[in-house]
$ cat run_4.pdb   # PDB, C-alpha atoms, pLDDT in the B column
ATOM      1  CA  MET A   1       2.187  -3.351  14.748  1.00 95.00           C
ATOM      2  CA  ARG A   2       2.371   0.315  15.677  1.00 97.00           C
ATOM      3  CA  CYS A   3       1.972   3.086  13.091  1.00 98.00           C
ATOM      4  CA  GLU A   4       2.094   6.793  13.833  1.00 98.00           C
ATOM      5  CA  ILE A   5       1.556   9.663  11.422  1.00 98.00           C
ATOM      6  CA  ILE A   6       2.599  13.303  11.446  1.00 98.00           C
ATOM      7  CA  THR A   7       0.347  15.461   9.261  1.00 98.00           C
ATOM      8  CA  ILE A   8      -1.382  18.835   9.084  1.00 97.00           C
ATOM      9  CA  PHE A   9      -4.617  17.105   8.008  1.00 96.00           C
ATOM     10  CA  PRO A  10      -5.419  14.453  10.642  1.00 96.00           C
ATOM     11  CA  GLY A  11      -9.042  14.279   9.525  1.00 95.00           C
ATOM     12  CA  ILE A  12      -8.007  12.476   6.343  1.00 95.00           C
ATOM     13  CA  PHE A  13      -6.820   9.534   8.430  1.00 95.00           C
ATOM     14  CA  GLU A  14      -9.472   9.601  11.140  1.00 92.00           C
ATOM     15  CA  SER A  15     -12.290   8.902   8.690  1.00 89.00           C
ATOM     16  CA  TYR A  16     -10.435   6.147   6.858  1.00 93.00           C
ATOM     17  CA  PHE A  17      -9.343   4.296   9.978  1.00 94.00           C
ATOM     18  CA  SER A  18     -12.942   4.136  11.185  1.00 92.00           C
ATOM     19  CA  VAL A  19     -13.936   1.666   8.444  1.00 89.00           C
ATOM     20  CA  LYS A  20     -14.554  -1.960   9.384  1.00 85.00           C
ATOM     21  CA  ILE A  21     -11.202  -3.622   8.619  1.00 86.00           C
ATOM     22  CA  PHE A  22      -9.097  -1.009  10.399  1.00 90.00           C
ATOM     23  CA  LYS A  23     -11.578  -0.544  13.239  1.00 90.00           C
ATOM     24  CA  ARG A  24     -11.605  -4.276  13.921  1.00 91.00           C
ATOM     25  CA  ALA A  25      -7.810  -4.553  13.721  1.00 92.00           C
ATOM     26  CA  ILE A  26      -7.429  -1.656  16.160  1.00 93.00           C
ATOM     27  CA  GLN A  27     -10.037  -3.014  18.570  1.00 92.00           C
ATOM     28  CA  LYS A  28      -8.351  -6.438  18.559  1.00 92.00           C
ATOM     29  CA  GLY A  29      -4.971  -4.862  19.261  1.00 94.00           C
ATOM     30  CA  ILE A  30      -3.565  -6.149  15.973  1.00 93.00           C
ATOM     31  CA  VAL A  31      -2.463  -2.643  15.048  1.00 95.00           C
ATOM     32  CA  ASP A  32      -2.082   0.567  17.024  1.00 97.00           C
ATOM     33  CA  ILE A  33      -2.460   3.768  14.996  1.00 97.00           C
ATOM     34  CA  LYS A  34      -1.847   7.268  16.313  1.00 97.00           C
ATOM     35  CA  ILE A  35      -2.155  10.534  14.410  1.00 98.00           C
ATOM     36  CA  HIS A  36      -0.212  13.667  15.342  1.00 98.00           C
ATOM     37  CA  ASN A  37      -1.231  17.109  14.121  1.00 98.00           C
ATOM     38  CA  LEU A  38       1.939  18.954  13.089  1.00 98.00           C
ATOM     39  CA  ARG A  39       0.346  22.240  14.116  1.00 98.00           C
ATOM     40  CA  ASP A  40       0.329  21.070  17.732  1.00 98.00           C
ATOM     41  CA  TYR A  41       4.115  21.407  17.689  1.00 98.00           C
ATOM     42  CA  THR A  42       4.229  25.054  16.640  1.00 97.00           C
ATOM     43  CA  THR A  43       4.874  27.950  19.030  1.00 93.00           C
ATOM     44  CA  ASP A  44       3.171  30.971  17.446  1.00 95.00           C
ATOM     45  CA  ARG A  45      -0.492  31.847  17.880  1.00 95.00           C
ATOM     46  CA  HIS A  46      -1.194  31.246  14.175  1.00 96.00           C
ATOM     47  CA  ARG A  47       0.234  27.705  14.426  1.00 97.00           C
ATOM     48  CA  THR A  48       2.406  28.345  11.379  1.00 97.00           C
ATOM     49  CA  VAL A  49       3.990  25.305   9.740  1.00 97.00           C
ATOM     50  CA  ASP A  50       5.285  26.791   6.466  1.00 97.00           C
ATOM     51  CA  ASP A  51       7.333  29.703   5.162  1.00 97.00           C
ATOM     52  CA  TYR A  52       8.739  31.124   1.922  1.00 96.00           C
ATOM     53  CA  PRO A  53      11.686  29.238   0.363  1.00 95.00           C
ATOM     54  CA  TYR A  54      15.194  30.648   0.637  1.00 95.00           C
ATOM     55  CA  GLY A  55      16.444  31.608  -2.820  1.00 96.00           C
ATOM     56  CA  GLY A  56      12.954  32.375  -4.058  1.00 94.00           C
ATOM     57  CA  GLY A  57      10.670  30.246  -6.169  1.00 92.00           C
ATOM     58  CA  PRO A  58       7.039  29.165  -6.175  1.00 92.00           C
ATOM     59  CA  GLY A  59       5.149  27.633  -3.299  1.00 93.00           C
ATOM     60  CA  MET A  60       5.782  27.327   0.406  1.00 96.00           C
ATOM     61  CA  VAL A  61       8.135  25.041   2.338  1.00 96.00           C
ATOM     62  CA  LEU A  62       7.213  23.214   5.534  1.00 97.00           C
ATOM     63  CA  LYS A  63       9.364  24.475   8.390  1.00 97.00           C
ATOM     64  CA  PRO A  64      11.802  22.167  10.197  1.00 98.00           C
ATOM     65  CA  GLU A  65      11.012  23.152  13.812  1.00 98.00           C
ATOM     66  CA  PRO A  66       7.554  21.538  14.115  1.00 98.00           C
ATOM     67  CA  PHE A  67       8.817  18.283  12.613  1.00 98.00           C
ATOM     68  CA  PHE A  68      11.813  18.130  14.928  1.00 98.00           C
ATOM     69  CA  LYS A  69       9.586  18.726  17.941  1.00 98.00           C
ATOM     70  CA  ALA A  70       6.963  16.220  16.771  1.00 98.00           C
ATOM     71  CA  VAL A  71       9.457  13.422  16.114  1.00 98.00           C
ATOM     72  CA  LYS A  72      11.233  14.098  19.408  1.00 98.00           C
ATOM     73  CA  SER A  73       7.892  13.910  21.228  1.00 98.00           C
ATOM     74  CA  VAL A  74       6.903  10.654  19.546  1.00 98.00           C
ATOM     75  CA  LYS A  75      10.266   9.033  20.278  1.00 98.00           C
ATOM     76  CA  ALA A  76      10.244  10.155  23.916  1.00 98.00           C
ATOM     77  CA  ASP A  77       8.790   6.765  24.909  1.00 98.00           C
ATOM     78  CA  GLY A  78      12.034   5.083  23.836  1.00 98.00           C
ATOM     79  CA  LEU A  79      10.492   2.692  21.296  1.00 98.00           C
ATOM     80  CA  GLU A  80      12.691   1.750  18.356  1.00 98.00           C
ATOM     81  CA  THR A  81      11.319   3.625  15.362  1.00 98.00           C
ATOM     82  CA  CYS A  82      11.633   3.626  11.597  1.00 98.00           C
ATOM     83  CA  THR A  83      10.762   7.096  10.318  1.00 98.00           C
ATOM     84  CA  ILE A  84       9.401   7.145   6.773  1.00 98.00           C
ATOM     85  CA  MET A  85       8.846  10.193   4.599  1.00 98.00           C
ATOM     86  CA  MET A  86       6.440   9.960   1.674  1.00 95.00           C
ATOM     87  CA  SER A  87       8.275  11.349  -1.350  1.00 94.00           C
ATOM     88  CA  PRO A  88       8.298  10.932  -5.162  1.00 91.00           C
ATOM     89  CA  GLN A  89      12.083  10.757  -4.766  1.00 92.00           C
ATOM     90  CA  GLY A  90      11.910   7.658  -2.577  1.00 95.00           C
ATOM     91  CA  GLU A  91      12.103   3.904  -3.106  1.00 97.00           C
ATOM     92  CA  ARG A  92       9.346   2.522  -5.319  1.00 96.00           C
ATOM     93  CA  PHE A  93       6.692   0.822  -3.196  1.00 97.00           C
ATOM     94  CA  ASP A  94       5.574  -2.665  -4.194  1.00 95.00           C
ATOM     95  CA  GLN A  95       4.069  -5.822  -2.689  1.00 93.00           C
ATOM     96  CA  GLU A  96       7.460  -7.131  -1.602  1.00 93.00           C
ATOM     97  CA  MET A  97       8.104  -3.966   0.386  1.00 97.00           C
ATOM     98  CA  ALA A  98       4.589  -4.131   1.832  1.00 96.00           C
ATOM     99  CA  LEU A  99       5.270  -7.639   3.099  1.00 95.00           C
ATOM    100  CA  ALA A 100       8.598  -6.590   4.621  1.00 96.00           C
ATOM    101  CA  LEU A 101       7.007  -3.602   6.360  1.00 97.00           C
ATOM    102  CA  SER A 102       4.150  -5.754   7.688  1.00 96.00           C
ATOM    103  CA  ARG A 103       6.795  -7.829   9.505  1.00 95.00           C
ATOM    104  CA  GLU A 104       8.677  -4.787  10.819  1.00 96.00           C
ATOM    105  CA  LYS A 105       9.175  -4.961  14.573  1.00 96.00           C
ATOM    106  CA  ARG A 106       9.942  -1.273  14.925  1.00 98.00           C
ATOM    107  CA  ARG A 107       7.268   1.394  15.153  1.00 98.00           C
ATOM    108  CA  LEU A 108       6.588   2.980  11.753  1.00 98.00           C
ATOM    109  CA  LEU A 109       6.430   6.770  11.892  1.00 98.00           C
ATOM    110  CA  PHE A 110       5.128   8.384   8.700  1.00 98.00           C
ATOM    111  CA  ILE A 111       5.965  11.994   7.891  1.00 98.00           C
ATOM    112  CA  CYS A 112       3.510  13.566   5.439  1.00 97.00           C
ATOM    113  CA  GLY A 113       4.693  16.588   3.522  1.00 96.00           C
ATOM    114  CA  ARG A 114       2.574  19.294   1.891  1.00 93.00           C
ATOM    115  CA  TYR A 115       2.952  22.381  -0.265  1.00 89.00           C
ATOM    116  CA  GLU A 116       6.073  22.766  -2.398  1.00 87.00           C
ATOM    117  CA  ALA A 117       8.426  20.769  -0.189  1.00 93.00           C
ATOM    118  CA  VAL A 118       9.667  19.907   3.298  1.00 96.00           C
ATOM    119  CA  ASP A 119      12.767  21.637   4.630  1.00 97.00           C
ATOM    120  CA  GLU A 120      15.735  19.436   3.650  1.00 96.00           C
ATOM    121  CA  ARG A 121      16.994  19.330   7.241  1.00 97.00           C
ATOM    122  CA  VAL A 122      14.018  17.145   8.120  1.00 98.00           C
ATOM    123  CA  ARG A 123      15.272  14.561   5.629  1.00 96.00           C
ATOM    124  CA  ASP A 124      18.861  14.867   6.784  1.00 97.00           C
ATOM    125  CA  ALA A 125      18.220  14.531  10.510  1.00 98.00           C
ATOM    126  CA  LEU A 126      14.964  12.662  11.026  1.00 98.00           C
ATOM    127  CA  VAL A 127      14.147  10.352   8.116  1.00 98.00           C
ATOM    128  CA  ASP A 128      15.321   6.736   7.876  1.00 98.00           C
ATOM    129  CA  ARG A 129      13.852   6.014   4.456  1.00 97.00           C
ATOM    130  CA  GLU A 130      11.792   7.694   1.748  1.00 97.00           C
ATOM    131  CA  ILE A 131       9.080   5.808  -0.124  1.00 98.00           C
ATOM    132  CA  SER A 132       7.206   6.639  -3.330  1.00 97.00           C
ATOM    133  CA  ILE A 133       4.000   4.936  -4.455  1.00 97.00           C
ATOM    134  CA  GLY A 134       4.572   5.884  -8.094  1.00 96.00           C
ATOM    135  CA  ASP A 135       6.152   8.233 -10.578  1.00 94.00           C
ATOM    136  CA  TYR A 136       3.731  11.095 -10.163  1.00 92.00           C
ATOM    137  CA  VAL A 137       3.221  14.007  -7.770  1.00 90.00           C
ATOM    138  CA  LEU A 138       0.335  14.428  -5.322  1.00 94.00           C
ATOM    139  CA  THR A 139      -0.587  17.453  -3.224  1.00 93.00           C
ATOM    140  CA  GLY A 140       0.625  15.803  -0.033  1.00 96.00           C
ATOM    141  CA  GLY A 141       1.912  12.668   1.626  1.00 97.00           C
ATOM    142  CA  GLU A 142      -1.347  11.697   3.301  1.00 97.00           C
ATOM    143  CA  LEU A 143      -2.749   9.530   0.494  1.00 97.00           C
ATOM    144  CA  PRO A 144       0.559   7.692  -0.085  1.00 97.00           C
ATOM    145  CA  ALA A 145       0.823   7.029   3.657  1.00 98.00           C
ATOM    146  CA  LEU A 146      -2.717   5.640   3.651  1.00 97.00           C
ATOM    147  CA  VAL A 147      -1.892   3.410   0.681  1.00 97.00           C
ATOM    148  CA  ILE A 148       1.113   1.967   2.458  1.00 98.00           C
ATOM    149  CA  ILE A 149      -0.582   1.522   5.836  1.00 97.00           C
ATOM    150  CA  ASP A 150      -3.593  -0.114   4.187  1.00 96.00           C
ATOM    151  CA  SER A 151      -1.433  -2.527   2.208  1.00 96.00           C
ATOM    152  CA  ILE A 152       0.708  -3.580   5.179  1.00 96.00           C
ATOM    153  CA  VAL A 153      -2.054  -3.860   7.803  1.00 94.00           C
ATOM    154  CA  ARG A 154      -4.059  -6.242   5.617  1.00 92.00           C
ATOM    155  CA  LEU A 155      -1.001  -8.516   5.440  1.00 93.00           C
ATOM    156  CA  ILE A 156      -0.883  -8.914   9.212  1.00 91.00           C
ATOM    157  CA  PRO A 157      -2.381 -12.261  10.299  1.00 85.00           C
ATOM    158  CA  GLU A 158      -6.014 -11.945  11.487  1.00 82.00           C
ATOM    159  CA  ALA A 159      -6.385  -8.352  10.230  1.00 85.00           C
ATOM    160  CA  LEU A 160      -8.691  -9.392   7.378  1.00 74.00           C
ATOM    161  CA  GLY A 161     -10.234 -12.350   9.142  1.00 66.00           C
ATOM    162  CA  ASP A 162      -9.382 -14.700   6.235  1.00 60.00           C
ATOM    163  CA  GLU A 163      -5.687 -15.277   5.604  1.00 56.00           C
ATOM    164  CA  HIS A 164      -6.393 -17.047   2.290  1.00 50.00           C
ATOM    165  CA  SER A 165      -7.913 -13.901   0.783  1.00 56.00           C
ATOM    166  CA  VAL A 166      -4.503 -12.217   1.024  1.00 56.00           C
ATOM    167  CA  VAL A 167      -2.537 -15.133  -0.401  1.00 52.00           C
ATOM    168  CA  GLU A 168      -4.637 -15.276  -3.572  1.00 56.00           C
ATOM    169  CA  GLU A 169      -4.605 -11.566  -4.409  1.00 60.00           C
ATOM    170  CA  SER A 170      -2.787  -9.875  -7.278  1.00 56.00           C
ATOM    171  CA  PHE A 171       0.963  -9.631  -6.670  1.00 62.00           C
ATOM    172  CA  SER A 172       0.823 -11.732  -3.473  1.00 59.00           C
ATOM    173  CA  TRP A 173       1.689 -14.812  -5.520  1.00 75.00           C
ATOM    174  CA  GLY A 174       3.747 -12.880  -8.061  1.00 87.00           C
ATOM    175  CA  ILE A 175       1.146 -12.605 -10.822  1.00 93.00           C
ATOM    176  CA  LEU A 176      -2.228 -10.921 -11.308  1.00 93.00           C
ATOM    177  CA  ASP A 177      -5.412 -12.238  -9.735  1.00 91.00           C
ATOM    178  CA  TYR A 178      -7.887 -14.532 -11.487  1.00 93.00           C
ATOM    179  CA  PRO A 179     -11.456 -13.373 -12.380  1.00 94.00           C
ATOM    180  CA  HIS A 180     -14.068 -13.524  -9.616  1.00 94.00           C
ATOM    181  CA  TYR A 181     -17.802 -14.186  -9.930  1.00 95.00           C
ATOM    182  CA  THR A 182     -20.832 -14.368  -7.646  1.00 94.00           C
ATOM    183  CA  ARG A 183     -24.596 -14.835  -8.035  1.00 93.00           C
ATOM    184  CA  PRO A 184     -26.549 -14.781 -10.276  1.00 96.00           C
ATOM    185  CA  PRO A 185     -25.015 -17.330 -12.686  1.00 95.00           C
ATOM    186  CA  GLU A 186     -26.267 -15.308 -15.677  1.00 96.00           C
ATOM    187  CA  TYR A 187     -26.831 -11.570 -15.980  1.00 95.00           C
ATOM    188  CA  GLU A 188     -27.527  -9.418 -19.051  1.00 95.00           C
ATOM    189  CA  GLY A 189     -26.285 -12.259 -21.254  1.00 95.00           C
ATOM    190  CA  TYR A 190     -23.006 -12.674 -19.347  1.00 96.00           C
ATOM    191  CA  GLU A 191     -22.565 -16.107 -17.787  1.00 96.00           C
ATOM    192  CA  VAL A 192     -20.338 -17.423 -15.013  1.00 96.00           C
ATOM    193  CA  PRO A 193     -17.821 -19.958 -16.401  1.00 97.00           C
ATOM    194  CA  GLU A 194     -19.294 -23.434 -16.099  1.00 97.00           C
ATOM    195  CA  VAL A 195     -16.245 -24.832 -14.301  1.00 97.00           C
ATOM    196  CA  LEU A 196     -16.943 -22.582 -11.297  1.00 97.00           C
ATOM    197  CA  LEU A 197     -20.387 -24.144 -10.936  1.00 96.00           C
ATOM    198  CA  SER A 198     -19.119 -27.718 -11.255  1.00 96.00           C
ATOM    199  CA  GLY A 199     -18.136 -28.284  -7.630  1.00 95.00           C
ATOM    200  CA  ASN A 200     -14.877 -29.894  -8.775  1.00 97.00           C
ATOM    201  CA  HIS A 201     -12.246 -28.162  -6.634  1.00 97.00           C
ATOM    202  CA  GLY A 202      -9.346 -29.464  -8.687  1.00 97.00           C
ATOM    203  CA  ASP A 203     -10.792 -28.129 -11.939  1.00 97.00           C
ATOM    204  CA  VAL A 204     -11.628 -24.813 -10.274  1.00 97.00           C
ATOM    205  CA  ALA A 205      -8.075 -24.425  -8.948  1.00 96.00           C
ATOM    206  CA  ARG A 206      -6.579 -25.191 -12.364  1.00 97.00           C
ATOM    207  CA  TRP A 207      -8.965 -22.773 -14.109  1.00 97.00           C
ATOM    208  CA  ARG A 208      -8.152 -19.999 -11.659  1.00 96.00           C
ATOM    209  CA  ARG A 209      -4.418 -20.440 -12.052  1.00 96.00           C
ATOM    210  CA  LYS A 210      -4.714 -20.550 -15.829  1.00 97.00           C
ATOM    211  CA  GLU A 211      -6.846 -17.418 -15.954  1.00 97.00           C
ATOM    212  CA  ALA A 212      -4.450 -15.613 -13.627  1.00 95.00           C
ATOM    213  CA  LEU A 213      -1.597 -16.514 -15.957  1.00 97.00           C
ATOM    214  CA  ARG A 214      -3.671 -15.516 -18.993  1.00 97.00           C
ATOM    215  CA  ARG A 215      -4.442 -12.117 -17.469  1.00 96.00           C
ATOM    216  CA  THR A 216      -0.814 -11.580 -16.467  1.00 95.00           C
ATOM    217  CA  LEU A 217       0.455 -12.539 -19.921  1.00 97.00           C
ATOM    218  CA  LYS A 218      -1.908 -10.023 -21.489  1.00 96.00           C
ATOM    219  CA  ARG A 219      -1.602  -7.116 -19.049  1.00 96.00           C
ATOM    220  CA  ARG A 220       1.710  -7.484 -17.215  1.00 94.00           C
ATOM    221  CA  PRO A 221       3.990  -9.932 -19.079  1.00 96.00           C
ATOM    222  CA  ASP A 222       6.968  -8.438 -17.243  1.00 94.00           C
ATOM    223  CA  LEU A 223       5.801 -10.165 -14.054  1.00 94.00           C
ATOM    224  CA  LEU A 224       6.216 -13.588 -15.642  1.00 96.00           C
ATOM    225  CA  GLU A 225       9.941 -12.887 -16.008  1.00 93.00           C
ATOM    226  CA  LYS A 226      10.302 -12.350 -12.270  1.00 90.00           C
ATOM    227  CA  VAL A 227       8.096 -15.046 -10.746  1.00 93.00           C
ATOM    228  CA  SER A 228       9.123 -18.659 -10.199  1.00 94.00           C
ATOM    229  CA  LEU A 229       6.843 -20.758 -12.428  1.00 95.00           C
ATOM    230  CA  THR A 230       6.092 -24.445 -11.903  1.00 96.00           C
ATOM    231  CA  ASP A 231       6.007 -27.107 -14.611  1.00 97.00           C
ATOM    232  CA  GLU A 232       2.219 -26.914 -14.463  1.00 97.00           C
ATOM    233  CA  ASP A 233       2.394 -23.137 -14.998  1.00 97.00           C
ATOM    234  CA  HIS A 234       4.499 -23.638 -18.127  1.00 97.00           C
ATOM    235  CA  THR A 235       1.946 -26.173 -19.370  1.00 98.00           C
ATOM    236  CA  LEU A 236      -0.881 -23.705 -18.772  1.00 98.00           C
ATOM    237  CA  LEU A 237       1.002 -20.920 -20.523  1.00 98.00           C
ATOM    238  CA  PHE A 238       1.577 -23.195 -23.504  1.00 97.00           C
ATOM    239  CA  GLU A 239      -2.155 -23.929 -23.635  1.00 97.00           C
ATOM    240  CA  ILE A 240      -2.963 -20.218 -23.427  1.00 97.00           C
ATOM    241  CA  LYS A 241      -0.610 -19.338 -26.265  1.00 96.00           C
ATOM    242  CA  GLU A 242      -2.025 -22.166 -28.398  1.00 96.00           C
ATOM    243  CA  GLU A 243      -5.534 -20.870 -27.762  1.00 96.00           C
ATOM    244  CA  GLN A 244      -4.418 -17.381 -28.766  1.00 94.00           C
ATOM    245  CA  ARG A 245      -2.896 -18.693 -31.987  1.00 94.00           C
ATOM    246  CA  ASN A 246      -6.083 -20.571 -32.853  1.00 93.00           C
ATOM    247  CA  GLU A 247      -8.179 -17.473 -32.201  1.00 90.00           C
ATOM    248  CA  SER A 248      -6.006 -15.391 -34.526  1.00 86.00           C
ATOM    249  CA  ASP A 249      -6.174 -17.951 -37.387  1.00 77.00           C
TER     250      ASP A 249
END
$ encode --input "run_4.pdb" --output "structure tokens"
Amino acid sequence: MRCEIITIFPGIFESYFSVKIFKRAIQKGIVDIKIHNLRDYTTDRHRTVDDYPYGGGPGMVLKPEPFFKAVKSVKADGLETCTIMMSPQGERFDQEMALALSREKRRLLFICGRYEAVDERVRDALVDREISIGDYVLTGGELPALVIIDSIVRLIPEALGDEHSVVEESFSWGILDYPHYTRPPEYEGYEVPEVLLSGNHGDVARWRRKEALRRTLKRRPDLLEKVSLTDEDHTLLFEIKEEQRNESD
């Protein structure tokens, strides 16, 4: 997979991509990440990337010229590219989209905005899709781009080193994750569930699925309406609801 980013703050990405998971994925050639400083595509000695908005109003608007030049430079190699702008007006990002993007054969080019806005002509001429990571506003597109790149790279086979760790995470199987424990078996009066110490893999698997369903029912019941549940899942949910009724009596 090839990801490229256009930003005025390349340092934000450089530090993050030096951590173990990304560093290993890059060294193995699993992912190729390149960062482009938008200021490198300016022509004035002050390397200006923003200006006042036409029509007045607060804040500054990122100019179109540097973006046009940056995107043209990136695409000069002829590779098929999907250009993505991070925007609160975009499609809502979720695990399903992350999986689709992780399988994308085209290069992913992320445009990160800043200040009040990006000149609308950038959207009109350069952007293939806009993506939002939630219904809130951040100071720039760098963090959302990092969120998306992180979530899709870890879905690429061999990127994490253990493919099963991805399969069993929250949302990867449609519901929330089950509780996790490690040593010691007891700490400050809190004990690890006995079933996890039993060595019975069948009982452990059933407990984990049941606790994942229990957690989802409590915190995100809407997910249970979307996921395909097995007969065993329905049995576990019935048990959970019976336990809840007994606790309330």
$ axis_aligned_box --input "run_4.pdb" --around "range 6-18 of chain A" --padding-each-side "8 Å" --output "AutoDock Vina command-line options"
--center_x -5.2 --center_y 11.5 --center_z 8.9 --size_x 31.5 --size_y 30.7 --size_z 21.1
$ resolve_selection --input "run_4.pdb" --expression "the PyMOL selection byres ((chain A and resi 219-226) around 12)" --output "PyMOL selection string"
chain A and resi 170-177+211-218+227-230+233-234+237
$ resolve_selection --input "run_4.pdb" --expression "the PyMOL selection byres ((chain A and resi 74-83) around 8)" --output "PyMOL selection string"
chain A and resi 70-73+84-85+106-111+126-129
$ resolve_selection --input "run_4.pdb" --expression "the PyMOL selection byres ((chain A and resi 64-67) around 10)" --output "number ranges by chain"
A: 6-7, 37-43, 47-50, 61-63, 68-73, 111, 118-123, 125-126
$ residues_around --input "run_4.pdb" --residues "range 197-199 of chain A" --least-positions-apart "6" --cutoff "12 Å" --atoms "all atoms listed in the file" --output "ChimeraX atom specification"
/A:181-186,191,205,207
$ residues_around --input "run_4.pdb" --residues "range 139-145 of chain A" --least-positions-apart "4" --cutoff "7 Å" --atoms "all atoms listed in the file" --output "PyMOL selection string"
chain A and resi 86+110+112-115+133+149
$ build_atoms --input "run_4.pdb" --residues "range 181-202 of chain A" --atoms "N, CA and C atoms" --output "mmCIF file, keeping the file's coordinate frame"
data_model
loop_
_atom_site.group_PDB
_atom_site.id
_atom_site.type_symbol
_atom_site.label_atom_id
_atom_site.label_comp_id
_atom_site.auth_asym_id
_atom_site.auth_seq_id
_atom_site.Cartn_x
_atom_site.Cartn_y
_atom_site.Cartn_z
ATOM 1 N N TYR A 181 -16.381 -14.253 -9.593
ATOM 2 C CA TYR A 181 -17.802 -14.186 -9.930
ATOM 3 C C TYR A 181 -18.640 -14.504 -8.693
ATOM 4 N N THR A 182 -19.873 -14.010 -8.685
ATOM 5 C CA THR A 182 -20.832 -14.368 -7.646
ATOM 6 C C THR A 182 -22.220 -14.470 -8.288
ATOM 7 N N ARG A 183 -23.244 -14.691 -7.510
ATOM 8 C CA ARG A 183 -24.596 -14.835 -8.035
ATOM 9 C C ARG A 183 -25.114 -13.517 -8.620
ATOM 10 N N PRO A 184 -25.961 -13.589 -9.652
ATOM 11 C CA PRO A 184 -26.549 -14.781 -10.276
ATOM 12 C C PRO A 184 -25.606 -15.415 -11.304
ATOM 13 N N PRO A 185 -25.885 -16.656 -11.720
ATOM 14 C CA PRO A 185 -25.015 -17.330 -12.686
ATOM 15 C C PRO A 185 -25.071 -16.734 -14.089
ATOM 16 N N GLU A 186 -26.154 -15.986 -14.377
ATOM 17 C CA GLU A 186 -26.267 -15.308 -15.677
ATOM 18 C C GLU A 186 -26.875 -13.941 -15.452
ATOM 19 N N TYR A 187 -26.290 -12.922 -16.115
ATOM 20 C CA TYR A 187 -26.831 -11.570 -15.980
ATOM 21 C C TYR A 187 -26.555 -10.790 -17.260
ATOM 22 N N GLU A 188 -27.622 -10.227 -17.833
ATOM 23 C CA GLU A 188 -27.527 -9.418 -19.051
ATOM 24 C C GLU A 188 -26.766 -10.151 -20.163
ATOM 25 N N GLY A 189 -26.937 -11.475 -20.213
ATOM 26 C CA GLY A 189 -26.285 -12.259 -21.254
ATOM 27 C C GLY A 189 -24.879 -12.710 -20.917
ATOM 28 N N TYR A 190 -24.354 -12.277 -19.781
ATOM 29 C CA TYR A 190 -23.006 -12.674 -19.347
ATOM 30 C C TYR A 190 -23.134 -13.815 -18.338
ATOM 31 N N GLU A 191 -22.441 -14.922 -18.614
ATOM 32 C CA GLU A 191 -22.565 -16.107 -17.787
ATOM 33 C C GLU A 191 -21.292 -16.390 -16.989
ATOM 34 N N VAL A 192 -21.469 -16.974 -15.826
ATOM 35 C CA VAL A 192 -20.338 -17.423 -15.013
ATOM 36 C C VAL A 192 -19.752 -18.663 -15.684
ATOM 37 N N PRO A 193 -18.427 -18.760 -15.801
ATOM 38 C CA PRO A 193 -17.821 -19.958 -16.401
ATOM 39 C C PRO A 193 -18.335 -21.235 -15.743
ATOM 40 N N GLU A 194 -18.664 -22.199 -16.573
ATOM 41 C CA GLU A 194 -19.294 -23.434 -16.099
ATOM 42 C C GLU A 194 -18.446 -24.158 -15.064
ATOM 43 N N VAL A 195 -17.124 -24.105 -15.212
ATOM 44 C CA VAL A 195 -16.245 -24.832 -14.301
ATOM 45 C C VAL A 195 -16.435 -24.375 -12.857
ATOM 46 N N LEU A 196 -16.779 -23.104 -12.650
ATOM 47 C CA LEU A 196 -16.943 -22.582 -11.297
ATOM 48 C C LEU A 196 -18.219 -23.080 -10.641
ATOM 49 N N LEU A 197 -19.129 -23.614 -11.454
ATOM 50 C CA LEU A 197 -20.387 -24.144 -10.936
ATOM 51 C C LEU A 197 -20.339 -25.663 -10.803
ATOM 52 N N SER A 198 -19.211 -26.262 -11.189
ATOM 53 C CA SER A 198 -19.119 -27.718 -11.255
ATOM 54 C C SER A 198 -18.969 -28.394 -9.903
ATOM 55 N N GLY A 199 -18.395 -27.668 -8.931
ATOM 56 C CA GLY A 199 -18.136 -28.284 -7.630
ATOM 57 C C GLY A 199 -16.860 -29.092 -7.597
ATOM 58 N N ASN A 200 -16.146 -29.161 -8.711
ATOM 59 C CA ASN A 200 -14.877 -29.894 -8.775
ATOM 60 C C ASN A 200 -13.744 -28.950 -8.375
ATOM 61 N N HIS A 201 -13.242 -29.098 -7.162
ATOM 62 C CA HIS A 201 -12.246 -28.162 -6.634
ATOM 63 C C HIS A 201 -10.936 -28.186 -7.411
ATOM 64 N N GLY A 202 -10.573 -29.357 -7.901
ATOM 65 C CA GLY A 202 -9.346 -29.464 -8.687
ATOM 66 C C GLY A 202 -9.448 -28.693 -9.986
#
